[in-house]
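Remarks on the structure that follows.
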Amino acid sequence: MLHDFLNRREEEKRIKEAGRLPPGQSVTLKFPVLHYGRVPGFNPATWSFRIFGEVEAEKCWTWVEFLQLPTVTITADIHCVTGWSKFDTVWEGPRFRDLMPLFAVRPAARHVIVHAEEGFTTNLPLEVLLDDDVLLAYKFGGKPLEPDHGYPLRLVVPRRYFWKSAKWVRGLEFSVEDRPGFWERAGYHNEGDPFKEERYQPQVSRF
């Protein structure tokens, strides 16, 4: 117990000195599990991932087809709105930006609505998703994601608070207009930049 505490304090000191720890955050060496509702089941025979909205040609992959897409591996820091940060996490999956030539986004598209199981959504500007480190990940630390962490597929957007990295993702809708998602409608900030501490909408209390 004491050994774990000292390791965490040493890690936090190193991260702070490197300027990698956003304000109001503390370092964790674990990977906390946070989500609303149940963990959905997964049937590879019926699972699909859909691209739709402001694109020239909609796209839909089965699980087997999705696994054939080229992948990259990234190392990234992740930051939860509840106050923990985990550093040097390793993810693998198709890079968002690399998929775009497959469905030709229309010029009018400015936003992406992320659709996940149980009707959950979150929203992001298209330009944010074009960062080099944004993935549709199905591996963490070299192994398939655990169900609690989004298996079979989650979005990973390291430069936003981690609720924007939706678990159990099933589709991306390209849109002209922004549409706040589940947590954004409940009072979380629409942008979610951890270095700006964009946790909650102004004058909305935490719940």
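Residue names in the structure tokens use chain letters A, B, ... in the order shown, residue numbers from 1 in each chain, and ligand numbers from 1 in the order shown.
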May I have the residues within 6 Å of segment 80-92 of chain A as a compact mmCIF listing (two decimals) with N, CA and C atoms, in the first residue's frame, using only C-alpha atoms and disregarding those fewer than 2 positions away in the same chain?
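Done, and the output landed in selection_2.txt:
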# COMPACT_ATOMS: atom_id res chain seq x y z
N GLN A 25 -5.92 17.98 -11.81
CA GLN A 25 -5.83 16.54 -12.01
C GLN A 25 -4.79 15.93 -11.08
N SER A 26 -4.95 14.63 -10.80
CA SER A 26 -3.93 13.88 -10.06
C SER A 26 -3.65 12.59 -10.82
N VAL A 27 -2.45 12.06 -10.62
CA VAL A 27 -2.00 10.90 -11.37
C VAL A 27 -2.54 9.61 -10.75
N THR A 28 -2.99 8.69 -11.60
CA THR A 28 -3.32 7.34 -11.16
C THR A 28 -2.49 6.34 -11.94
N VAL A 72 -2.74 1.73 -36.37
CA VAL A 72 -1.55 2.35 -35.82
C VAL A 72 -1.57 2.15 -34.32
N THR A 73 -0.41 2.31 -33.69
CA THR A 73 -0.30 2.25 -32.24
C THR A 73 0.18 3.60 -31.73
N ILE A 74 -0.51 4.14 -30.74
CA ILE A 74 -0.12 5.43 -30.17
C ILE A 74 0.10 5.29 -28.67
N THR A 75 0.91 6.18 -28.13
CA THR A 75 1.08 6.32 -26.69
C THR A 75 0.56 7.70 -26.31
N ALA A 76 -0.38 7.74 -25.37
CA ALA A 76 -1.06 9.00 -25.07
C ALA A 76 -1.41 9.10 -23.59
N ASP A 77 -1.52 10.33 -23.11
CA ASP A 77 -2.02 10.61 -21.77
C ASP A 77 -3.53 10.79 -21.84
N ILE A 78 -4.25 10.28 -20.84
CA ILE A 78 -5.70 10.43 -20.81
C ILE A 78 -6.11 11.09 -19.50
N ALA A 137 -10.15 2.56 -31.33
CA ALA A 137 -9.25 1.57 -30.74
C ALA A 137 -9.99 0.32 -30.31
N LYS A 139 -7.65 -2.25 -29.06
CA LYS A 139 -6.63 -2.82 -28.19
C LYS A 139 -6.09 -1.76 -27.24
N PHE A 140 -5.80 -2.19 -26.02
CA PHE A 140 -5.18 -1.34 -25.01
C PHE A 140 -4.04 -2.13 -24.38
N GLY A 141 -2.85 -1.52 -24.38
CA GLY A 141 -1.70 -2.22 -23.81
C GLY A 141 -1.37 -3.51 -24.53
N TYR A 161 -11.19 15.69 -22.42
CA TYR A 161 -11.54 14.86 -21.28
C TYR A 161 -12.09 13.52 -21.77
N PHE A 162 -11.90 12.49 -20.98
CA PHE A 162 -12.06 11.14 -21.48
C PHE A 162 -13.52 10.73 -21.76
N ARG A 199 -14.59 21.55 -17.76
CA ARG A 199 -15.29 20.40 -17.19
C ARG A 199 -16.81 20.50 -17.34
Practice problem: Find the residues near Pro22 of chain A: any atom within 9 Å, counting only C-alpha atoms, skip ones fewer than 3 places away on the same chain, and give them as a PyMOL selection string. | Solution: chain A and resi 16+19+25-26+79+85+194-197
Could the residues in this selection be saved with C-alpha atoms as an mmCIF file, in the first residue's frame?
data_model
loop_
_atom_site.group_PDB
_atom_site.id
_atom_site.type_symbol
_atom_site.label_atom_id
_atom_site.label_comp_id
_atom_site.auth_asym_id
_atom_site.auth_seq_id
_atom_site.Cartn_x
_atom_site.Cartn_y
_atom_site.Cartn_z
ATOM 1 C CA LYS A 16 4.121 17.856 -13.277
ATOM 2 C CA GLY A 19 4.085 20.118 -17.887
ATOM 3 C CA GLN A 25 -5.829 16.536 -12.012
ATOM 4 C CA SER A 26 -3.931 13.880 -10.065
ATOM 5 C CA HIS A 79 -7.569 12.742 -18.436
ATOM 6 C CA SER A 85 -5.020 11.300 -15.263
ATOM 7 C CA PRO A 194 -8.486 19.404 -19.914
ATOM 8 C CA PHE A 195 -5.738 22.053 -20.037
ATOM 9 C CA LYS A 196 -8.434 24.745 -20.058
ATOM 10 C CA GLU A 197 -10.392 22.899 -17.313
#
Self-check item: Best match for closeness to Gly150 of chain A among A:Ala166, A:Val134, A:Ala104, A:Leu99, counting only C-alpha atoms
Solution: A:Ala166
Practice problem: Could you give me the residues within segment 34-120 of chain A that DSSP places in strand (DSSP E), as a PyMOL selection string? | Solution: chain A and resi 48-53+59-62+72-79+84-93+111-116
Residues from the last selection, N, CA and C atoms, saved as a CSV table (one decimal), in the first residue's frame:
chain,number,residue,atom,x,y,z
A,48,SER,N,-21.9,-4.0,-36.2
A,48,SER,CA,-21.5,-3.3,-37.4
A,48,SER,C,-21.1,-1.9,-37.0
A,49,PHE,N,-20.3,-1.2,-37.8
A,49,PHE,CA,-19.9,0.1,-37.5
A,49,PHE,C,-20.2,1.0,-38.8
A,50,ARG,N,-20.9,2.1,-38.6
A,50,ARG,CA,-21.5,2.8,-39.7
A,50,ARG,C,-21.0,4.3,-39.7
A,51,ILE,N,-20.7,4.7,-41.0
A,51,ILE,CA,-20.3,6.1,-41.2
A,51,ILE,C,-21.5,6.7,-42.0
A,52,PHE,N,-22.0,7.8,-41.6
A,52,PHE,CA,-23.2,8.4,-42.3
A,52,PHE,C,-23.3,9.9,-42.1
A,53,GLY,N,-24.3,10.5,-42.7
A,53,GLY,CA,-24.5,12.0,-42.6
A,53,GLY,C,-23.9,12.7,-43.8
A,59,LYS,N,-20.8,4.3,-45.3
A,59,LYS,CA,-20.0,3.1,-45.2
A,59,LYS,C,-20.4,2.3,-44.0
A,60,CYS,N,-20.4,1.0,-44.1
A,60,CYS,CA,-20.7,0.1,-43.0
A,60,CYS,C,-19.8,-1.1,-43.0
A,61,TRP,N,-19.2,-1.3,-41.9
A,61,TRP,CA,-18.3,-2.5,-41.8
A,61,TRP,C,-18.8,-3.5,-40.8
A,62,THR,N,-18.7,-4.8,-41.1
A,62,THR,CA,-18.9,-5.8,-40.1
A,62,THR,C,-17.6,-5.9,-39.2
A,72,VAL,N,-2.7,1.7,-36.4
A,72,VAL,CA,-1.5,2.4,-35.8
A,72,VAL,C,-1.6,2.1,-34.3
A,73,THR,N,-0.4,2.3,-33.7
A,73,THR,CA,-0.3,2.2,-32.2
A,73,THR,C,0.2,3.6,-31.7
A,74,ILE,N,-0.5,4.1,-30.7
A,74,ILE,CA,-0.1,5.4,-30.2
A,74,ILE,C,0.1,5.3,-28.7
A,75,THR,N,0.9,6.2,-28.1
A,75,THR,CA,1.1,6.3,-26.7
A,75,THR,C,0.6,7.7,-26.3
A,76,ALA,N,-0.4,7.7,-25.4
A,76,ALA,CA,-1.1,9.0,-25.1
A,76,ALA,C,-1.4,9.1,-23.6
A,77,ASP,N,-1.5,10.3,-23.1
A,77,ASP,CA,-2.0,10.6,-21.8
A,77,ASP,C,-3.5,10.8,-21.8
A,78,ILE,N,-4.2,10.3,-20.8
A,78,ILE,CA,-5.7,10.4,-20.8
A,78,ILE,C,-6.1,11.1,-19.5
A,79,HIS,N,-7.2,11.9,-19.6
A,79,HIS,CA,-7.6,12.7,-18.4
A,79,HIS,C,-9.1,12.7,-18.2
A,84,TRP,N,-8.8,12.3,-12.4
A,84,TRP,CA,-7.6,11.5,-12.5
A,84,TRP,C,-7.0,11.6,-13.9
A,85,SER,N,-5.7,11.4,-14.0
A,85,SER,CA,-5.0,11.3,-15.3
A,85,SER,C,-4.1,10.1,-15.3
A,86,LYS,N,-4.1,9.4,-16.4
A,86,LYS,CA,-3.3,8.2,-16.6
A,86,LYS,C,-2.3,8.5,-17.7
A,87,PHE,N,-1.0,8.2,-17.5
A,87,PHE,CA,0.0,8.6,-18.5
A,87,PHE,C,0.6,7.5,-19.3
A,88,ASP,N,1.0,7.8,-20.5
A,88,ASP,CA,1.7,6.8,-21.3
A,88,ASP,C,0.9,5.5,-21.6
A,89,THR,N,-0.4,5.7,-21.9
A,89,THR,CA,-1.3,4.6,-22.2
A,89,THR,C,-1.1,4.3,-23.7
A,90,VAL,N,-1.2,3.0,-24.0
A,90,VAL,CA,-0.9,2.5,-25.4
A,90,VAL,C,-2.2,1.9,-26.0
A,91,TRP,N,-2.5,2.5,-27.2
A,91,TRP,CA,-3.8,2.1,-27.9
A,91,TRP,C,-3.5,1.7,-29.3
A,92,GLU,N,-4.3,0.8,-29.8
A,92,GLU,CA,-4.1,0.3,-31.2
A,92,GLU,C,-5.5,0.3,-31.9
A,93,GLY,N,-5.5,0.7,-33.1
A,93,GLY,CA,-6.7,0.7,-34.0
A,93,GLY,C,-6.6,1.6,-35.2
A,111,HIS,N,-18.8,19.0,-37.9
A,111,HIS,CA,-19.0,18.3,-36.6
A,111,HIS,C,-19.2,16.8,-36.8
A,112,VAL,N,-18.8,16.1,-35.8
A,112,VAL,CA,-19.1,14.6,-35.8
A,112,VAL,C,-19.8,14.3,-34.5
A,113,ILE,N,-20.9,13.6,-34.7
A,113,ILE,CA,-21.7,13.0,-33.6
A,113,ILE,C,-21.3,11.5,-33.5
A,114,VAL,N,-20.8,11.2,-32.3
A,114,VAL,CA,-20.4,9.8,-32.1
A,114,VAL,C,-21.5,9.0,-31.5
A,115,HIS,N,-21.9,8.0,-32.1
A,115,HIS,CA,-23.0,7.1,-31.7
A,115,HIS,C,-22.5,5.8,-31.1
A,116,ALA,N,-23.0,5.5,-29.9
A,116,ALA,CA,-22.5,4.3,-29.2
A,116,ALA,C,-23.7,3.5,-28.8
Practice problem: For atom CA of Val156 of chain A and atom CA of Ala45 of chain A, determine how far apart the two atoms are, in Å to one decimal place. | Solution: 24.3 Å
